[in-house]
$ cat final_1.txt   # compact mmCIF, C-alpha atoms
# COMPACT_ATOMS: atom_id res chain seq x y z
CA MET A 1 0.00 0.00 0.00
CA GLY A 2 1.42 3.39 -0.99
CA LYS A 3 2.18 6.26 1.32
CA ASN A 4 0.77 9.76 1.55
CA VAL A 5 2.64 12.95 2.40
CA LEU A 6 1.43 16.37 3.55
CA LEU A 7 3.48 19.43 2.50
CA VAL A 8 2.97 22.46 4.77
CA ASP A 9 4.40 25.77 3.53
CA ASP A 10 2.82 29.18 2.98
CA SER A 11 4.68 29.46 -0.32
CA SER A 12 2.94 27.60 -3.16
CA THR A 13 6.24 27.83 -5.06
CA MET A 14 8.05 26.04 -2.26
CA ARG A 15 5.37 23.33 -2.07
CA LYS A 16 5.84 22.71 -5.81
CA ILE A 17 9.63 22.61 -5.41
CA ILE A 18 9.43 20.12 -2.53
CA GLY A 19 7.06 17.95 -4.57
CA ARG A 20 9.45 18.08 -7.52
CA SER A 21 12.42 17.28 -5.26
CA LEU A 22 10.59 14.20 -3.94
CA ARG A 23 10.08 12.96 -7.50
CA GLN A 24 13.70 13.77 -8.45
CA ALA A 25 14.88 11.89 -5.36
CA GLY A 26 12.89 8.87 -6.54
CA ILE A 27 10.51 9.02 -3.58
CA ASP A 28 7.00 8.15 -4.76
CA PHE A 29 3.92 8.95 -2.76
CA ASP A 30 0.40 7.89 -3.72
CA ASN A 31 -0.95 11.27 -2.65
CA ILE A 32 0.71 14.60 -1.99
CA PHE A 33 -1.57 16.80 0.14
CA GLU A 34 -0.81 20.49 0.60
CA ALA A 35 -1.50 23.07 3.32
CA GLY A 36 -0.56 26.75 3.55
CA ASP A 37 -0.16 26.92 7.34
CA GLY A 38 -0.51 24.89 10.52
CA LEU A 39 -4.27 25.37 10.76
CA GLU A 40 -4.81 24.02 7.26
CA ALA A 41 -2.42 21.15 8.04
CA LEU A 42 -4.45 20.12 11.10
CA ALA A 43 -7.62 20.14 8.97
CA VAL A 44 -5.97 17.84 6.40
CA LEU A 45 -4.76 15.48 9.13
CA GLU A 46 -8.28 15.29 10.57
CA LYS A 47 -9.72 13.87 7.36
CA GLU A 48 -6.90 12.23 5.36
CA LYS A 49 -4.57 9.31 6.00
CA VAL A 50 -1.10 10.87 6.06
CA ASP A 51 2.11 8.92 6.66
CA ILE A 52 4.53 11.81 7.03
CA VAL A 53 4.39 15.62 7.17
CA LEU A 54 7.04 17.96 5.74
CA SER A 55 6.54 21.35 7.37
CA ASP A 56 7.95 24.86 7.22
CA ILE A 57 8.34 26.80 10.48
CA ASN A 58 7.84 30.49 9.61
CA MET A 59 4.20 30.63 8.44
CA PRO A 60 1.22 32.96 9.01
CA ASN A 61 -1.86 32.06 11.12
CA MET A 62 -0.22 29.04 12.77
CA ASP A 63 3.54 28.52 12.49
CA GLY A 64 5.32 25.18 12.41
CA ILE A 65 6.12 25.13 16.14
CA SER A 66 2.50 25.87 17.13
CA PHE A 67 1.37 23.22 14.64
CA LEU A 68 3.62 20.62 16.31
CA ARG A 69 2.32 21.63 19.76
CA GLU A 70 -1.34 21.40 18.67
CA LYS A 71 -0.79 18.12 16.81
CA ALA A 72 0.91 16.55 19.84
CA GLY A 73 -2.28 17.11 21.83
CA ARG A 74 -4.55 15.27 19.38
CA ALA A 75 -4.58 11.50 19.86
CA ASN A 76 -5.57 10.75 16.24
CA MET A 77 -2.49 12.45 14.77
CA LYS A 78 0.16 12.76 17.45
CA ASN A 79 2.17 9.78 16.11
CA ILE A 80 2.41 11.00 12.51
CA PRO A 81 6.07 11.97 11.98
CA VAL A 82 6.91 15.55 11.01
CA LEU A 83 10.10 16.59 9.23
CA MET A 84 10.81 20.32 9.32
CA ILE A 85 11.92 22.00 6.04
CA SER A 86 12.83 25.56 6.85
CA THR A 87 15.31 28.40 6.65
CA GLU A 88 15.02 28.41 10.46
CA THR A 89 17.57 25.84 11.53
CA GLY A 90 19.08 27.45 14.64
CA ASP A 91 19.82 24.96 17.44
CA ASP A 92 17.19 26.45 19.77
CA ILE A 93 14.36 26.33 17.23
CA ILE A 94 15.15 22.83 15.98
CA GLY A 95 15.60 21.69 19.58
CA GLU A 96 12.12 22.99 20.40
CA ALA A 97 10.67 21.35 17.27
CA LYS A 98 12.23 18.01 18.21
CA SER A 99 10.95 18.30 21.79
CA LEU A 100 7.46 18.62 20.27
CA GLY A 101 7.88 15.51 18.13
CA ALA A 102 9.70 16.61 14.95
CA VAL A 103 11.85 13.76 13.66
CA GLY A 104 14.45 15.92 11.89
CA ALA A 105 15.08 19.01 9.83
CA ILE A 106 16.18 19.96 6.32
CA LYS A 107 17.58 23.43 5.77
CA LYS A 108 16.41 25.56 2.84
CA PRO A 109 17.99 25.70 0.31
CA PHE A 110 18.13 21.96 -0.25
CA THR A 111 18.83 19.51 -3.05
CA PRO A 112 16.85 16.36 -3.99
CA ASP A 113 19.84 14.34 -2.70
CA LYS A 114 19.52 15.99 0.72
CA VAL A 115 15.78 15.28 0.79
CA ASN A 116 16.47 11.63 -0.04
CA GLU A 117 19.23 11.37 2.57
CA VAL A 118 17.03 12.66 5.41
CA LEU A 119 13.56 11.49 4.35
CA GLY A 120 14.50 8.09 2.91
CA PRO A 121 15.26 6.38 6.26
CA LEU A 122 11.97 7.68 7.72
CA LEU A 123 9.78 5.88 5.16
CA MET B 4 34.43 35.73 6.24
CA ASP B 5 32.59 39.02 6.77
CA LEU B 6 28.82 39.57 6.64
CA GLU B 7 28.74 40.47 2.93
CA ASP B 8 30.83 37.43 1.99
CA LYS B 9 28.42 35.21 3.93
CA ILE B 10 25.39 36.78 2.21
CA ILE B 11 27.08 36.25 -1.17
CA ALA B 12 27.82 32.59 -0.35
CA SER B 13 24.26 32.11 0.86
CA ALA B 14 22.73 33.70 -2.27
CA LYS B 15 24.93 31.61 -4.56
CA GLU B 16 23.88 28.42 -2.75
CA ILE B 17 20.18 29.32 -2.97
CA PHE B 18 20.39 30.10 -6.69
CA SER B 19 22.46 27.07 -7.65
CA SER B 20 20.55 24.48 -5.61
CA MET B 21 16.96 25.74 -5.85
CA ILE B 22 16.83 27.75 -9.09
CA MET B 23 19.52 25.94 -11.09
CA MET B 24 21.01 29.33 -11.94
CA GLU B 25 24.61 30.44 -11.38
CA ILE B 26 25.11 34.00 -10.16
CA ASP B 27 28.12 36.19 -9.58
CA VAL B 28 28.86 39.46 -7.83
CA THR B 29 29.51 42.53 -9.96
CA ASP B 30 31.82 45.37 -9.00
CA GLU B 31 29.09 48.04 -9.19
CA VAL B 32 28.89 50.31 -6.18
CA VAL B 33 25.40 51.33 -5.06
CA THR B 34 25.11 54.37 -2.82
CA GLY B 35 22.00 56.16 -1.57
CA SER B 36 18.42 55.00 -2.07
CA GLN B 37 17.80 52.61 -4.93
CA SER B 38 15.51 53.86 -7.69
CA LEU B 39 13.85 50.84 -9.26
CA GLU B 40 11.96 50.61 -12.55
CA ASP B 41 9.75 47.77 -13.82
CA SER B 42 10.95 45.73 -10.88
CA ILE B 43 9.78 43.59 -8.01
CA SER B 44 11.31 43.53 -4.52
CA GLY B 45 10.98 40.72 -1.99
CA ILE B 46 11.29 42.05 1.55
CA ILE B 47 11.60 40.45 4.98
CA GLY B 48 11.99 42.16 8.34
CA LEU B 49 14.29 41.21 11.19
CA ALA B 50 13.38 42.02 14.80
CA GLY B 51 14.94 41.31 18.18
CA MET B 52 18.67 41.41 18.93
CA ARG B 53 19.27 42.89 15.46
CA LYS B 54 16.56 44.92 13.75
CA GLY B 55 16.46 45.62 10.07
CA VAL B 56 15.23 44.67 6.65
CA LEU B 57 16.52 42.41 3.92
CA ALA B 58 15.39 42.91 0.33
CA ILE B 59 16.08 41.36 -3.03
CA HIS B 60 15.43 43.75 -5.94
CA LEU B 61 14.79 42.11 -9.32
CA PRO B 62 13.92 43.64 -12.69
CA ASN B 63 10.67 42.03 -13.90
CA SER B 64 12.47 40.09 -16.65
CA VAL B 65 14.88 38.55 -14.12
CA ALA B 66 12.06 37.76 -11.68
CA MET B 67 10.10 35.98 -14.42
CA ALA B 68 13.18 33.97 -15.46
CA ILE B 69 13.85 32.96 -11.85
CA THR B 70 10.23 31.96 -11.27
CA GLY B 71 10.29 29.96 -14.50
CA ASN B 72 13.35 28.06 -13.29
CA PHE B 73 11.82 27.62 -9.83
CA LEU B 74 8.62 26.12 -11.24
CA GLY B 75 9.94 24.49 -14.40
CA MET B 76 7.57 26.44 -16.67
CA GLU B 77 7.60 29.56 -18.84
CA VAL B 78 6.48 32.71 -17.02
CA THR B 79 5.53 35.73 -19.17
CA GLU B 80 3.96 38.16 -16.71
CA ILE B 81 4.32 39.36 -13.14
CA ASN B 82 1.65 37.26 -11.45
CA GLU B 83 1.01 35.56 -8.10
CA ASP B 84 3.58 32.86 -8.88
CA VAL B 85 6.29 35.50 -9.38
CA GLU B 86 5.30 37.34 -6.19
CA ASP B 87 5.32 34.07 -4.25
CA ALA B 88 8.69 32.98 -5.67
CA VAL B 89 10.32 36.36 -4.96
CA GLY B 90 8.87 36.34 -1.44
CA GLU B 91 10.27 32.87 -0.87
CA LEU B 92 13.68 34.02 -2.13
CA ALA B 93 13.59 36.84 0.45
CA ASN B 94 12.50 34.30 3.08
CA MET B 95 15.43 31.98 2.34
CA LEU B 96 17.93 34.85 2.29
CA GLY B 97 16.44 36.26 5.49
CA GLY B 98 16.65 32.87 7.19
CA ASN B 99 20.30 32.58 6.26
CA VAL B 100 21.06 36.10 7.44
CA LYS B 101 19.29 35.34 10.71
CA THR B 102 21.53 32.30 11.17
CA ILE B 103 24.60 34.40 10.33
CA LEU B 104 23.66 37.05 12.90
CA SER B 105 22.32 34.69 15.57
CA GLU B 106 23.74 31.17 15.63
CA LYS B 107 21.05 29.64 17.83
CA GLY B 108 18.27 31.52 16.07
CA ARG B 109 16.09 32.49 19.02
CA ASP B 110 17.07 36.12 19.56
CA ILE B 111 16.06 37.32 16.08
CA GLU B 112 12.56 36.94 14.66
CA LEU B 113 11.72 37.08 10.96
CA SER B 114 8.58 38.71 9.60
CA MET B 115 6.55 37.07 6.86
CA PRO B 116 7.99 38.00 3.45
CA SER B 117 6.21 40.59 1.32
CA THR B 118 6.69 41.98 -2.18
CA ILE B 119 6.54 45.39 -3.83
CA THR B 120 6.18 45.72 -7.57
CA GLY B 121 5.73 48.72 -9.82
CA LYS B 122 6.78 50.85 -12.80
CA HIS B 123 8.91 53.09 -10.62
CA TYR B 124 9.59 53.07 -6.90
CA ASP B 125 12.36 54.01 -4.50
CA PHE B 126 13.75 51.79 -1.77
CA GLN B 127 14.74 54.30 0.87
CA THR B 128 17.78 54.04 3.06
CA THR B 129 16.91 54.16 6.73
CA LYS B 130 18.74 56.90 8.58
CA ASP B 131 21.61 55.58 10.71
CA ALA B 132 21.33 52.08 9.28
CA GLU B 133 24.29 49.84 8.57
CA ARG B 134 23.66 49.22 4.87
CA HIS B 135 24.95 46.47 2.59
CA VAL B 136 23.97 46.40 -1.09
CA ILE B 137 25.35 43.50 -3.09
CA PRO B 138 24.90 43.66 -6.88
CA PHE B 139 24.66 40.31 -8.68
CA VAL B 140 24.57 39.22 -12.29
CA SER B 141 22.99 36.08 -13.75
CA ASP B 142 22.32 34.83 -17.27
CA ALA B 143 18.87 36.43 -16.92
CA GLY B 144 20.25 39.85 -15.92
CA LYS B 145 21.33 41.96 -12.98
CA PHE B 146 19.69 42.20 -9.55
CA SER B 147 20.71 43.15 -6.03
CA VAL B 148 20.38 42.04 -2.43
CA GLU B 149 20.17 44.75 0.22
CA LEU B 150 20.46 44.45 3.98
CA GLN B 151 19.81 47.38 6.31
CA LEU B 152 20.51 46.86 10.02
CA GLU B 153 19.84 49.31 12.82
CA LYS B 154 23.14 50.45 14.31

$ encode --input "final_1.txt" --output "structure tokens"
Amino acid sequence: MGKNVLLVDDSSTMRKIIGRSLRQAGIDFDNIFEAGDGLEALAVLEKEKVDIVLSDINMPNMDGISFLREKAGRANMKNIPVLMISTETGDDIIGEAKSLGAVGAIKKPFTPDKVNEVLGPLL
Amino acid sequence: MDLEDKIIASAKEIFSSMIMMEIDVTDEVVTGSQSLEDSISGIIGLAGMRKGVLAIHLPNSVAMAITGNFLGMEVTEINEDVEDAVGELANMLGGNVKTILSEKGRDIELSMPSTITGKHYDFQTTKDAERHVIPFVSDAGKFSVELQLEK
């Protein structure tokens, strides 16, 4: 059975680039869902089967850290892994993300090889 | 490596890895406010330990070429895709500058990126700001990255 991914980024351009990088890295998902912020991401997770989330941090309405915090409090989604993809890769921010359940981080800019290196072992 | 060298390295990495476009620094010297024509600027604010603004100023033709490379499609007008791509460029540059200025990343906050576009506009220099303007050239044309930090 194939896997589904949720891409969370306020930039539609970045969501397209991440989707393209997944294909270039040879990582196939049955469905690629998209959300523009943490609130939209929670709504997708409430109704779709998602195997992994790739999320930005700096977003309007609900940022990536608040999304992780909210998700951790919902039993139906708290175990879905989240990989952060962000320009924000300072030790403190990534440390906080990991304490809230993030399984890793990829720094923007990234290459398909980097996506494969970090995401591959998580699938 | 000083701040400008780090911004240059960061911009080159962003363009080569995400836009598949090589860029280089030119030896132009920009002083005073920038007067921009048929251009689009992506802007992001920095607040906290260091306050300021980072902007990338692109002629429309360069912005359309960059967006086309970003998305893998031909872009012939300044539309939402171009605004989004230029905003994301500012976001990536701002994130790198934040990391340069604050290693752990918690004492500087970034705003959401925004864009300005128009036939003619000026990007004013803030009084008493430490100002860095770095002119670049690519196959698509010239553009610049500007950082103003409160002293």

$ atom_distance --input "final_1.txt" --atom1 "CA of Leu49 in chain B" --atom2 "CA of Ser13 in chain B"
17.0 Å

$ interface_residues --input "final_1.txt" --of "chain B" --to "chain A" --cutoff "12 Å" --atoms "all atoms listed in the file" --output "number ranges by chain"
B: 13-23, 47, 69-76, 83-117

$ write_last_selection --input "final_1.txt" --atoms "C-alpha atoms" --output "PDB file, keeping the file's coordinate frame"
ATOM      1  CA  SER B  13      24.260  32.110   0.860  1.00  0.00           C
ATOM      2  CA  ALA B  14      22.730  33.700  -2.270  1.00  0.00           C
ATOM      3  CA  LYS B  15      24.930  31.610  -4.560  1.00  0.00           C
ATOM      4  CA  GLU B  16      23.880  28.420  -2.750  1.00  0.00           C
ATOM      5  CA  ILE B  17      20.180  29.320  -2.970  1.00  0.00           C
ATOM      6  CA  PHE B  18      20.390  30.100  -6.690  1.00  0.00           C
ATOM      7  CA  SER B  19      22.460  27.070  -7.650  1.00  0.00           C
ATOM      8  CA  SER B  20      20.550  24.480  -5.610  1.00  0.00           C
ATOM      9  CA  MET B  21      16.960  25.740  -5.850  1.00  0.00           C
ATOM     10  CA  ILE B  22      16.830  27.750  -9.090  1.00  0.00           C
ATOM     11  CA  MET B  23      19.520  25.940 -11.090  1.00  0.00           C
ATOM     12  CA  ILE B  47      11.600  40.450   4.980  1.00  0.00           C
ATOM     13  CA  ILE B  69      13.850  32.960 -11.850  1.00  0.00           C
ATOM     14  CA  THR B  70      10.230  31.960 -11.270  1.00  0.00           C
ATOM     15  CA  GLY B  71      10.290  29.960 -14.500  1.00  0.00           C
ATOM     16  CA  ASN B  72      13.350  28.060 -13.290  1.00  0.00           C
ATOM     17  CA  PHE B  73      11.820  27.620  -9.830  1.00  0.00           C
ATOM     18  CA  LEU B  74       8.620  26.120 -11.240  1.00  0.00           C
ATOM     19  CA  GLY B  75       9.940  24.490 -14.400  1.00  0.00           C
ATOM     20  CA  MET B  76       7.570  26.440 -16.670  1.00  0.00           C
ATOM     21  CA  GLU B  83       1.010  35.560  -8.100  1.00  0.00           C
ATOM     22  CA  ASP B  84       3.580  32.860  -8.880  1.00  0.00           C
ATOM     23  CA  VAL B  85       6.290  35.500  -9.380  1.00  0.00           C
ATOM     24  CA  GLU B  86       5.300  37.340  -6.190  1.00  0.00           C
ATOM     25  CA  ASP B  87       5.320  34.070  -4.250  1.00  0.00           C
ATOM     26  CA  ALA B  88       8.690  32.980  -5.670  1.00  0.00           C
ATOM     27  CA  VAL B  89      10.320  36.360  -4.960  1.00  0.00           C
ATOM     28  CA  GLY B  90       8.870  36.340  -1.440  1.00  0.00           C
ATOM     29  CA  GLU B  91      10.270  32.870  -0.870  1.00  0.00           C
ATOM     30  CA  LEU B  92      13.680  34.020  -2.130  1.00  0.00           C
ATOM     31  CA  ALA B  93      13.590  36.840   0.450  1.00  0.00           C
ATOM     32  CA  ASN B  94      12.500  34.300   3.080  1.00  0.00           C
ATOM     33  CA  MET B  95      15.430  31.980   2.340  1.00  0.00           C
ATOM     34  CA  LEU B  96      17.930  34.850   2.290  1.00  0.00           C
ATOM     35  CA  GLY B  97      16.440  36.260   5.490  1.00  0.00           C
ATOM     36  CA  GLY B  98      16.650  32.870   7.190  1.00  0.00           C
ATOM     37  CA  ASN B  99      20.300  32.580   6.260  1.00  0.00           C
ATOM     38  CA  VAL B 100      21.060  36.100   7.440  1.00  0.00           C
ATOM     39  CA  LYS B 101      19.290  35.340  10.710  1.00  0.00           C
ATOM     40  CA  THR B 102      21.530  32.300  11.170  1.00  0.00           C
ATOM     41  CA  ILE B 103      24.600  34.400  10.330  1.00  0.00           C
ATOM     42  CA  LEU B 104      23.660  37.050  12.900  1.00  0.00           C
ATOM     43  CA  SER B 105      22.320  34.690  15.570  1.00  0.00           C
ATOM     44  CA  GLU B 106      23.740  31.170  15.630  1.00  0.00           C
ATOM     45  CA  LYS B 107      21.050  29.640  17.830  1.00  0.00           C
ATOM     46  CA  GLY B 108      18.270  31.520  16.070  1.00  0.00           C
ATOM     47  CA  ARG B 109      16.090  32.490  19.020  1.00  0.00           C
ATOM     48  CA  ASP B 110      17.070  36.120  19.560  1.00  0.00           C
ATOM     49  CA  ILE B 111      16.060  37.320  16.080  1.00  0.00           C
ATOM     50  CA  GLU B 112      12.560  36.940  14.660  1.00  0.00           C
ATOM     51  CA  LEU B 113      11.720  37.080  10.960  1.00  0.00           C
ATOM     52  CA  SER B 114       8.580  38.710   9.600  1.00  0.00           C
ATOM     53  CA  MET B 115       6.550  37.070   6.860  1.00  0.00           C
ATOM     54  CA  PRO B 116       7.990  38.000   3.450  1.00  0.00           C
ATOM     55  CA  SER B 117       6.210  40.590   1.320  1.00  0.00           C
TER      56      SER B 117
END

$ residues_around --input "final_1.txt" --residues "Lys130 in chain B" --least-positions-apart "4" --cutoff "10 Å" --atoms "all atoms listed in the file" --output "list in words"
Arg134, Gln151, Glu153 and Lys154 of chain B

$ write_last_selection --input "final_1.txt" --atoms "C-alpha atoms" --output "tab-separated table (two decimals), in the frame of the given file"
chain	number	residue	atom	x	y	z
B	134	ARG	CA	23.66	49.22	4.87
B	151	GLN	CA	19.81	47.38	6.31
B	153	GLU	CA	19.84	49.31	12.82
B	154	LYS	CA	23.14	50.45	14.31

$ atom_distance --input "final_1.txt" --atom1 "CA of Leu42 in chain A" --atom2 "CA of Lys71 in chain A"
7.1 Å

$ residues_around --input "final_1.txt" --residues "Gly144 in chain B" --least-positions-apart "2" --cutoff "9 Å" --atoms "only C-alpha atoms" --output "list of chain:residue names"
B:Leu61, B:Pro62, B:Ser64, B:Val65, B:Phe139, B:Val140, B:Ser141, B:Asp142, B:Phe146

$ axis_aligned_box --input "final_1.txt" --around "range 106-116 of chain A" --padding-each-side "5 Å" --output "AutoDock Vina command-line options"
--center_x 17.8 --center_y 18.7 --center_z 1.2 --size_x 14.1 --size_y 24.1 --size_z 20.3

$ closest_residue --input "final_1.txt" --among "A:Arg23, A:Lys3, A:Arg69, A:Arg15" --to "Val50 in chain A" --atoms "only C-alpha atoms"
A:Lys3

$ closest_residue --input "final_1.txt" --among "A:Pro81, A:Gly64, A:Gly2, A:Gly104" --to "Asn31 in chain A" --atoms "all atoms listed in the file"
A:Gly2

$ atom_distance --input "final_1.txt" --atom1 "CA of Leu100 in chain A" --atom2 "CA of Leu6 in chain A"
17.9 Å
